[in-house]
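Colleague: Take this structure, written in structure tokens, and hold onto it; I'll ask about it next.
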Amino acid sequence: MAANHPALIAGAGGVGRKVVERLRAHDVPVRVMVRRDDDRAARLRALGAEVVLGDLTRPETVATALEGARSMYFAMPVSPDHLLAATVVASVARQHGTLDALVDLSQMTVSQMTATSTAESRQQRLHWLAEQVFDWSGLPVVHVRPTSFLDNPLFTMLPAQTIRARGTIELPFGAGRTSPVAVDDVARVIATVLREPAPHVGRVYELTGPRTADMTEMAEAFSKALGRPVSYVDVPLEQWREEVLSTIGLPSHIEQHIVTMCRLHQENRYDRASDDVERLTGAPARTIEEFVAARKDFYLG
């Protein structure tokens, strides 16, 4: 990346914040787009990042944020505006005309999708369409497709509650296998790409944990990490949706996405493993046991 030209981080949530930390640790200049100048923005400034206010669905603010930048990381939380934001970014970045790389945080489900597939969630469809827009734009794009995050409440908050209460992980995943990846491992890959983007342009990276496991094996990993028995209880999907998910009060778009993820796990659509994390960063992705052991107090309360 050209010296003194900032990497624009648009999406400073879990992955984006860790990307900022890793880039700043290597003295890479960073500009972060945020929607509000709040405590999170203050923490980003404390890391040495430049902070600008903006909205990925408003082209004028994207254009301002891109001034002087030579690379960009695009990500959004689960949102029905994902495709709109991707289209705005692609059009403004084309006009900007000086990016060496646009790193798109997508989803690994896209790897199994087609133009006419219908089994996926609306959010997953938006990711598929956004990738098409970026590819058609002619921009120097790098697609990063992580599978489910280990940091997801499905593997953190919800298991912590049932482990403390009953020594169980209670999810509607059936016998499907999965290979969730830690947010920090995804951030390591993205920071590596942004630091030297040229070799990565045009590539697609699929990020998973080091191996797949069914939920019984995942519970065994939790047991080893926590030093106490943990078992898996398979809950019927509609029962789980009614008794657990609907009580959280999520927007319908997010709830539909989570329910679809659970169904796709049941259908074994998450039985995928890749060594891209280790190949790109030189260090393997965290195992489930390593991830849980580092958060033992959180899970046990």
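As shown in the structure tokens, the chain order sets the letters A, B, ...; within each chain, residues go from 1, and ligands are also counted from 1 in the order they appear.
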Between segment 26-113 of chain A and segment 147-163 of chain A, at 12 Å or less, what are the per-residue closest atom pairs and their distances in Å? Count only C-alpha atoms, order by chain and rising residue number, and return it as a Markdown table.
Modeller:
```
| residue | atom | partner | partner_atom | distance |
| --- | --- | --- | --- | --- |
| A:Leu105 | CA | A:Thr147 | CA | 11.0 |
| A:Ser106 | CA | A:Thr147 | CA | 9.3 |
| A:Gln107 | CA | A:Thr147 | CA | 6.2 |
| A:Met108 | CA | A:Thr147 | CA | 5.0 |
| A:Thr109 | CA | A:Thr147 | CA | 7.2 |
| A:Val110 | CA | A:Thr147 | CA | 9.9 |
| A:Ser111 | CA | A:Thr147 | CA | 10.3 |
| A:Gln112 | CA | A:Thr147 | CA | 11.9 |
```
Colleague: From segment 2-106 of chain A, collect each residue whose DSSP state is strand (DSSP E) and return the set as a PyMOL selection string.
Modeller: chain A and resi 7-10+30-34+50-53+71-74+101-105
Colleague: Restricting the output to C-alpha atoms, write the selected residues as a PDB file, in the first residue's frame.
Modeller:
```pdb
ATOM      1  CA  ALA A   7      -6.712   2.467   4.460  1.00  0.00           C
ATOM      2  CA  LEU A   8     -10.396   3.334   4.751  1.00  0.00           C
ATOM      3  CA  ILE A   9     -12.205   1.029   7.166  1.00  0.00           C
ATOM      4  CA  ALA A  10     -15.936   1.263   6.507  1.00  0.00           C
ATOM      5  CA  VAL A  30      -6.068   4.262   8.976  1.00  0.00           C
ATOM      6  CA  ARG A  31      -9.246   6.256   8.427  1.00  0.00           C
ATOM      7  CA  VAL A  32     -12.453   4.868   9.905  1.00  0.00           C
ATOM      8  CA  MET A  33     -15.961   5.784   8.775  1.00  0.00           C
ATOM      9  CA  VAL A  34     -18.491   5.795  11.624  1.00  0.00           C
ATOM     10  CA  GLU A  50      -8.545   9.208  11.782  1.00  0.00           C
ATOM     11  CA  VAL A  51     -12.310   9.134  12.299  1.00  0.00           C
ATOM     12  CA  VAL A  52     -14.830  10.555   9.830  1.00  0.00           C
ATOM     13  CA  LEU A  53     -18.610  10.597  10.016  1.00  0.00           C
ATOM     14  CA  SER A  71      -7.465   0.826  -0.108  1.00  0.00           C
ATOM     15  CA  MET A  72     -10.837   0.185   1.490  1.00  0.00           C
ATOM     16  CA  TYR A  73     -12.464  -2.440   3.682  1.00  0.00           C
ATOM     17  CA  PHE A  74     -16.213  -2.766   3.107  1.00  0.00           C
ATOM     18  CA  ALA A 101      -7.789  -2.767  -3.360  1.00  0.00           C
ATOM     19  CA  LEU A 102     -11.359  -3.009  -2.130  1.00  0.00           C
ATOM     20  CA  VAL A 103     -11.699  -5.778   0.445  1.00  0.00           C
ATOM     21  CA  ASP A 104     -15.278  -7.018   0.681  1.00  0.00           C
ATOM     22  CA  LEU A 105     -16.405  -8.908   3.787  1.00  0.00           C
TER      23      LEU A 105
END
```
Colleague: Here is a test: counting only C-alpha atoms, which residue of A:Gly54, A:Gly282, A:Pro210, A:Pro6 is nearest to Arg70 of chain A?
Modeller: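 Closest to Arg70 of chain A of all the choices is A:Pro6.
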Colleague: Please provide the set of residues having any atom within 8 Å of segment 264-266 of chain A, restricted to only C-alpha atoms, with same-chain residues fewer than 3 positions apart removed, written as an MDAnalysis selection string.
Modeller: chainID A and resid 120 172:178 260:261 269:270
Colleague: Go ahead and dump the residues you just picked, C-alpha atoms, as a compact mmCIF listing (two decimals), in the first residue's frame.
Modeller:
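Here's the written file result.txt:
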```txt
# COMPACT_ATOMS: atom_id res chain seq x y z
CA GLU A 120 -30.54 -19.07 1.56
CA PRO A 172 -31.30 -26.45 16.45
CA PHE A 173 -28.27 -27.61 14.43
CA GLY A 174 -29.17 -31.29 14.18
CA ALA A 175 -26.30 -33.58 13.20
CA GLY A 176 -24.73 -31.06 10.82
CA ARG A 177 -21.05 -30.28 11.02
CA THR A 178 -19.64 -26.77 11.26
CA THR A 260 -31.92 -19.86 7.88
CA MET A 261 -28.40 -20.32 9.24
CA ARG A 269 -24.23 -26.77 4.45
CA TYR A 270 -21.58 -25.55 6.93
```
Colleague: Would you list the contacts of Ala187 of chain A as number ranges by chain, taking every protein, DNA or RNA residue within 10 Å and counting only C-alpha atoms, but skipping same-chain residues closer than 2 positions in sequence?
Modeller: A: 14-23, 182-185, 189-193, 277
Colleague: Give me, please, the distance in Å between atom CA of Ala25 of chain A and atom CA of Leu44 of chain A, quoted to one decimal.
Modeller: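 Atom-to-atom, atom CA of Ala25 of chain A and atom CA of Leu44 of chain A are spaced 12.8 Å apart.
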Colleague: I'd like the interatomic distance between atom CA of Glu220 of chain A and atom CA of Pro284 of chain A, to a tenth of an Å.
Modeller: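 Answer for the atom CA of Glu220 of chain A to atom CA of Pro284 of chain A separation: 20.7 Å.
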Colleague: Identify which of the residues A:Met76, A:Ala130, A:Ala90, A:Ala213 lies closest to Asp271 of chain A, counting only C-alpha atoms when measuring atom-to-atom distances.
Modeller: A:Ala213
Colleague: Can you work out which one of A:Leu280, A:Ile169, A:Leu84, A:Ala285 has the shortest atom-to-atom distance to Pro229 of chain A, counting only C-alpha atoms?
Modeller: A:Ile169
Colleague: What does the structure give for the distance between atom CA of Pro77 of chain A and atom CA of Phe134 of chain A, in Å to one decimal?
Modeller: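 For atom CA of Pro77 of chain A relative to atom CA of Phe134 of chain A, the distance reads 18.0 Å.
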Colleague: Restricting the calculation to only C-alpha atoms, which member of A:Val181, A:Cys262, A:Val186, A:Leu47 is positioned closest to Asp234 of chain A?
Modeller: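 Between A:Val181, A:Cys262, A:Val186, A:Leu47, the residue approaching Asp234 of chain A most closely is A:Cys262.
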Colleague: Could you please write out, as a ChimeraX atom specification, every residue of segment 17-143 of chain A that DSSP assigns to helix (DSSP H, G or I)?
Modeller: /A:17-25,39-46,59-66,82-96,108-112,122-137
Colleague: Measuring between only C-alpha atoms, which one of A:Ala219, A:Leu171, A:Ala283, A:Val292 shows the shortest distance to Leu245 of chain A?
Modeller: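 Among A:Ala219, A:Leu171, A:Ala283, A:Val292, it is A:Leu171 that comes nearest to Leu245 of chain A.
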Colleague: Nearest to Gly301 of chain A among A:Arg122, A:Arg203, A:Arg164, A:His26, with distances taken over only C-alpha atoms: which residue is it?
Modeller: A:Arg164
